[in-house]
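**Student:** One file: coords03.tsv (TSV, C-alpha atoms).
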```
chain	number	residue	atom	x	y	z
A	1	ASN	CA	107.39	102.19	211.73
A	2	ALA	CA	105.44	101.14	214.85
A	3	GLY	CA	108.45	100.08	216.97
A	4	VAL	CA	107.31	98.41	220.21
A	5	THR	CA	103.55	98.25	220.75
A	6	GLN	CA	101.99	97.42	224.08
A	7	THR	CA	98.35	96.72	224.78
A	8	PRO	CA	96.35	97.61	226.76
A	9	LYS	CA	97.49	101.07	227.91
A	10	PHE	CA	95.45	100.91	231.10
A	11	ARG	CA	93.81	98.11	233.03
A	12	ILE	CA	92.15	97.62	236.39
A	13	LEU	CA	92.16	94.07	237.75
A	14	LYS	CA	90.52	92.59	240.77
A	15	ILE	CA	92.61	90.57	243.19
A	16	GLY	CA	92.91	87.00	241.95
A	17	GLN	CA	92.13	87.77	238.32
A	18	SER	CA	94.52	86.94	235.52
A	19	MET	CA	95.49	88.84	232.41
A	20	THR	CA	97.99	88.97	229.61
A	21	LEU	CA	99.90	92.09	228.67
A	22	GLN	CA	100.67	92.07	224.99
A	23	CYS	CA	103.92	93.28	223.44
A	24	ALA	CA	104.88	93.26	219.78
A	25	GLN	CA	107.86	94.71	217.94
A	26	ASP	CA	108.36	95.08	214.22
A	27	MET	CA	112.11	95.75	214.20
A	28	ASN	CA	113.19	92.10	214.01
A	29	HIS	CA	115.02	92.44	217.31
A	30	ASN	CA	116.23	89.25	218.93
A	31	TYR	CA	116.10	90.53	222.48
A	32	MET	CA	112.96	91.47	224.36
A	33	TYR	CA	112.33	92.50	227.94
A	34	TRP	CA	109.61	93.17	230.45
A	35	TYR	CA	110.18	95.76	233.15
A	36	ARG	CA	107.99	97.09	235.89
A	37	GLN	CA	108.20	100.57	237.32
A	38	ASP	CA	106.66	101.20	240.69
A	39	PRO	CA	105.68	104.78	241.59
A	40	GLY	CA	108.74	106.98	242.02
A	41	MET	CA	111.10	104.10	241.37
A	42	GLY	CA	113.36	102.82	238.64
A	43	LEU	CA	112.82	99.91	236.30
A	44	LYS	CA	113.09	96.35	237.47
A	45	LEU	CA	113.54	93.47	235.04
A	46	ILE	CA	110.83	90.83	235.23
A	47	TYR	CA	111.69	88.51	232.33
A	48	TYR	CA	113.74	88.67	229.19
A	49	SER	CA	114.17	86.68	226.00
A	50	VAL	CA	117.17	86.26	223.71
A	51	GLY	CA	115.12	84.82	220.87
A	52	ALA	CA	112.05	82.82	219.95
A	53	GLY	CA	111.61	79.93	222.34
A	54	ILE	CA	114.17	81.21	224.88
A	55	THR	CA	113.20	83.11	228.00
A	56	ASP	CA	114.76	83.69	231.38
A	57	LYS	CA	113.96	85.29	234.73
A	58	GLY	CA	115.02	88.76	235.68
A	59	GLU	CA	115.11	90.35	239.13
A	60	VAL	CA	111.40	90.12	240.01
A	61	PRO	CA	109.78	87.18	238.15
A	62	ASN	CA	107.44	85.92	240.88
A	63	GLY	CA	103.78	86.08	239.88
A	64	TYR	CA	104.52	86.38	236.16
A	65	ASN	CA	105.06	84.14	233.19
A	66	VAL	CA	106.19	84.77	229.65
A	67	SER	CA	106.43	83.00	226.35
A	68	ARG	CA	108.16	83.82	223.09
A	69	SER	CA	106.79	81.78	220.25
A	70	THR	CA	107.76	84.31	217.57
A	71	THR	CA	110.44	86.98	217.18
A	72	GLU	CA	107.79	89.68	217.19
A	73	ASP	CA	105.68	88.86	220.25
A	74	PHE	CA	106.53	88.64	223.94
A	75	PRO	CA	103.38	88.48	226.08
A	76	LEU	CA	103.52	88.76	229.87
A	77	ARG	CA	101.01	86.73	231.85
A	78	LEU	CA	99.86	87.68	235.34
A	79	GLU	CA	98.28	84.85	237.27
A	80	LEU	CA	96.28	85.56	240.43
A	81	ALA	CA	96.81	89.31	240.46
A	82	ALA	CA	97.83	90.88	243.76
A	83	PRO	CA	97.91	94.55	244.88
A	84	SER	CA	101.73	94.35	244.88
A	85	GLN	CA	101.56	94.00	241.10
A	86	THR	CA	100.08	97.47	240.73
A	87	SER	CA	102.69	99.14	238.56
A	88	VAL	CA	103.53	100.46	235.13
A	89	TYR	CA	104.80	97.73	232.85
A	90	PHE	CA	107.20	98.44	230.02
A	91	CYS	CA	108.11	96.11	227.23
A	92	ALA	CA	111.34	96.74	225.35
A	93	SER	CA	113.39	95.22	222.58
A	94	SER	CA	116.96	95.55	221.39
A	95	TYR	CA	119.51	94.08	219.05
A	96	SER	CA	123.05	93.23	220.00
A	97	LYS	CA	124.85	96.18	221.55
A	98	SER	CA	122.02	98.61	220.89
A	99	GLU	CA	119.93	100.68	223.22
A	100	ALA	CA	116.59	99.37	224.44
A	101	PHE	CA	113.53	100.50	222.50
A	102	PHE	CA	110.56	100.88	224.80
A	103	GLY	CA	106.83	100.63	224.35
A	104	GLN	CA	104.48	103.25	225.76
A	105	GLY	CA	103.79	101.27	228.91
A	106	THR	CA	100.76	99.61	230.48
A	107	ARG	CA	99.42	101.10	233.69
A	108	LEU	CA	97.97	98.28	235.79
A	109	THR	CA	96.01	98.70	238.99
A	110	VAL	CA	95.03	95.71	241.11
A	111	VAL	CA	92.20	96.38	243.57
B	112	ALA	CA	125.17	95.83	245.17
B	113	GLN	CA	123.57	98.15	242.68
B	114	LYS	CA	125.19	98.21	239.31
B	115	VAL	CA	123.99	101.74	238.57
B	116	THR	CA	123.71	104.40	241.24
B	117	GLN	CA	122.03	107.74	240.80
B	118	ALA	CA	122.52	109.32	244.17
B	119	GLN	CA	120.48	112.45	243.42
B	120	THR	CA	116.85	111.56	243.95
B	121	GLU	CA	115.49	114.97	243.03
B	122	ILE	CA	116.99	118.24	241.84
B	123	SER	CA	115.27	121.60	241.49
B	124	VAL	CA	116.73	124.43	239.44
B	125	VAL	CA	115.53	127.68	238.00
B	126	GLU	CA	115.26	128.01	234.27
B	127	LYS	CA	118.57	128.87	232.51
B	128	GLU	CA	120.65	127.30	235.25
B	129	ASP	CA	123.06	124.52	234.34
B	130	VAL	CA	122.50	121.18	236.04
B	131	THR	CA	124.52	117.97	236.23
B	132	LEU	CA	122.97	114.58	236.87
B	133	ASP	CA	125.35	112.04	238.34
B	134	CYS	CA	125.63	108.38	237.41
B	135	VAL	CA	128.07	105.87	238.89
B	136	TYR	CA	128.19	102.33	237.61
B	137	GLU	CA	129.81	99.07	238.62
B	138	THR	CA	130.95	96.31	236.30
B	139	ARG	CA	133.78	93.83	235.96
B	140	ASP	CA	133.42	93.61	232.21
B	141	THR	CA	135.80	95.43	229.91
B	142	THR	CA	133.11	95.79	227.26
B	143	TYR	CA	129.93	97.50	228.34
B	144	TYR	CA	127.51	100.20	227.28
B	145	LEU	CA	126.06	103.16	229.10
B	146	PHE	CA	122.81	104.95	228.35
B	147	TRP	CA	120.70	107.85	229.44
B	148	TYR	CA	116.93	107.92	229.11
B	149	LYS	CA	114.44	110.69	229.79
B	150	GLN	CA	110.99	110.01	231.19
B	151	PRO	CA	108.80	113.11	230.90
B	152	PRO	CA	105.58	113.43	232.92
B	153	SER	CA	103.70	111.70	230.09
B	154	GLY	CA	105.52	108.52	231.08
B	155	GLU	CA	107.27	107.26	227.97
B	156	LEU	CA	110.98	106.46	227.99
B	157	VAL	CA	113.00	108.53	225.56
B	158	PHE	CA	116.47	107.37	224.58
B	159	LEU	CA	119.10	110.12	224.80
B	160	ILE	CA	122.54	108.60	224.35
B	161	ARG	CA	124.51	105.37	224.13
B	162	ARG	CA	128.21	105.09	224.92
B	163	ASN	CA	130.50	102.08	224.70
B	164	SER	CA	133.29	101.44	227.19
B	165	PHE	CA	136.02	102.04	224.63
B	166	ASP	CA	134.91	105.53	223.76
B	167	GLU	CA	135.70	108.00	226.52
B	168	GLN	CA	135.22	111.09	224.44
B	169	ASN	CA	132.75	113.50	225.88
B	170	GLU	CA	129.73	114.19	223.77
B	171	ILE	CA	127.70	117.32	223.22
B	172	SER	CA	124.30	117.50	221.62
B	173	GLY	CA	122.81	120.96	221.74
B	174	ARG	CA	122.27	121.84	225.40
B	175	TYR	CA	123.07	118.29	226.50
B	176	SER	CA	126.54	116.99	227.25
B	177	TRP	CA	127.87	113.79	228.72
B	178	ASN	CA	131.09	113.18	230.62
B	179	PHE	CA	132.30	109.57	230.67
B	180	GLN	CA	135.18	108.80	233.04
B	181	LYS	CA	136.24	105.18	233.36
B	182	SER	CA	138.68	106.02	236.15
B	183	THR	CA	135.79	106.98	238.42
B	184	SER	CA	133.16	104.72	236.78
B	185	SER	CA	130.97	107.71	236.11
B	186	PHE	CA	128.82	108.84	233.24
B	187	ASN	CA	127.43	112.23	234.15
B	188	PHE	CA	124.88	114.23	232.21
B	189	THR	CA	124.82	118.02	232.06
B	190	ILE	CA	122.02	120.20	230.80
B	191	THR	CA	123.13	123.72	229.99
B	192	ALA	CA	120.69	126.60	230.25
B	193	SER	CA	117.90	124.37	231.50
B	194	GLN	CA	114.34	124.85	230.30
B	195	VAL	CA	110.98	123.94	231.79
B	196	VAL	CA	110.61	121.23	229.14
B	197	ASP	CA	113.64	119.50	230.63
B	198	SER	CA	111.57	118.63	233.70
B	199	ALA	CA	111.49	114.85	233.78
B	200	VAL	CA	112.96	111.81	235.45
B	201	TYR	CA	116.30	110.85	233.98
B	202	PHE	CA	117.59	107.31	234.10
B	203	CYS	CA	121.12	106.08	233.63
B	204	ALA	CA	121.54	102.47	232.49
B	205	LEU	CA	124.31	99.94	231.96
B	206	SER	CA	124.44	96.89	229.75
B	207	GLU	CA	127.19	94.32	229.85
B	208	ASP	CA	128.36	92.41	226.81
B	209	LEU	CA	127.44	88.94	227.96
B	210	TYR	CA	127.72	86.68	224.94
B	211	ASN	CA	126.53	89.64	222.87
B	212	PHE	CA	123.38	89.93	224.90
B	213	ASN	CA	122.37	93.26	226.35
B	214	LYS	CA	121.02	92.92	229.87
B	215	PHE	CA	120.12	96.40	230.97
B	216	TYR	CA	120.50	97.63	234.53
B	217	PHE	CA	118.79	100.89	235.38
B	218	GLY	CA	119.50	103.36	238.13
B	219	SER	CA	116.68	104.57	240.32
B	220	GLY	CA	116.41	107.83	238.41
B	221	THR	CA	116.84	111.52	239.16
B	222	LYS	CA	113.80	113.73	239.04
B	223	LEU	CA	114.65	117.13	237.61
B	224	ASN	CA	112.32	120.04	238.29
B	225	VAL	CA	113.01	123.15	236.24
B	226	LYS	CA	111.08	126.14	237.52
B	227	PRO	CA	110.32	129.17	235.37
```
Can you dump the structure from the file as structure tokens?
**Tutor:**
Amino acid sequence: NAGVTQTPKFRILKIGQSMTLQCAQDMNHNYMYWYRQDPGMGLKLIYYSVGAGITDKGEVPNGYNVSRSTTEDFPLRLELAAPSQTSVYFCASSYSKSEAFFGQGTRLTVV
Amino acid sequence: AQKVTQAQTEISVVEKEDVTLDCVYETRDTTYYLFWYKQPPSGELVFLIRRNSFDEQNEISGRYSWNFQKSTSSFNFTITASQVVDSAVYFCALSEDLYNFNKFYFGSGTKLNVKP
């Protein structure tokens, strides 16, 4: 059982470039999340989704976009990358009242 | 205001010592869930425990134990006879039962250093 799969694991972007972080889960969870973790800090919610076609902003959505066309996939789009977006990105999923199941993380550096 | 506060930024202990990690939360909901996660140096997030607001029984799992006290809005985590492998960042998290949707709020984490 793969759980939550994130790709890529590492990426270096130049300022102004764009990229999509992929996230897929095979547990049929309705709820999916994107968090970022800055060095030495906790997790901050970027976007979340309660089901296919429904997304909403979290605490730090600026500079990001998401879509949820299927239950399984929840990609995170970075437009015009900035150094402030250097972080580790975690995708997670859950079902009602459960814990969050996390992917392995994507370490992104913007230079 | 932060919904989850982990006041201890970093703790260092010597192996075999007991250590307690504090977590204080804030919510107006009567139904909510509390969690602890471990993040070892490799970076992944490992789920440790889930507790709902109606279950105040303390829980023990091997060397780990959790003390949930609604009266003080605390959900503390104790590691007994710590080991070097316990070195990690530990996160406490809260989710509120908003229309059956879990929105997770994480504390800033406590870094535990266990020295041999």
**Student:** Could you tell me which of A:Ala81, A:Val60, A:Ala2, A:Ile12 comes closest to Arg36 in chain A if we count only C-alpha atoms?
**Tutor:** A:Val60
**Student:** Can you write out as a tab-separated table which residues of chain A fall within 6 Å of chain B, alongside each residue's closest atom pair and its distance in Å to one decimal, counting only C-alpha atoms and ordering rows by chain and ascending residue number?
**Tutor:**
```
residue	atom	partner	partner_atom	distance
A:Met41	CA	B:Ser219	CA	5.7
A:Gly42	CA	B:Ser219	CA	4.1
A:Ser96	CA	B:Asn211	CA	5.8
A:Gln104	CA	B:Glu155	CA	5.4
```
**Student:** Taking C-alpha atoms for each residue, export the selection above as a PDB file, in the frame of the given file.
**Tutor:**
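selection_37.pdb was written with the following content:
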```pdb
ATOM      1  CA  MET A  41     111.100 104.100 241.370  1.00  0.00           C
ATOM      2  CA  GLY A  42     113.360 102.820 238.640  1.00  0.00           C
ATOM      3  CA  SER A  96     123.050  93.230 220.000  1.00  0.00           C
ATOM      4  CA  GLN A 104     104.480 103.250 225.760  1.00  0.00           C
TER       5      GLN A 104
END
```
**Student:** One number please: CA of Lys44 in chain A to CA of Ser87 in chain A, in Å, one decimal.
**Tutor:** 10.8 Å
**Student:** List the neighbours of Gln168 in chain B out to 12 Å using all atoms listed in the file; skip same-chain residues closer than 5 positions along the sequence, and give me the result as a list in words.
**Tutor:**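 Counting all atoms listed in the file, the residues come to Arg162, Asn163, Ser176, Trp177, Asn178, Phe179, Gln180, Lys181 and Phe186 of chain B.
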**Student:** Between CA of Lys149 in chain B and CA of Ser185 in chain B, what is the distance in Å, rounded to a tenth?
**Tutor:**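 Distance between the two atoms: 17.9 Å.
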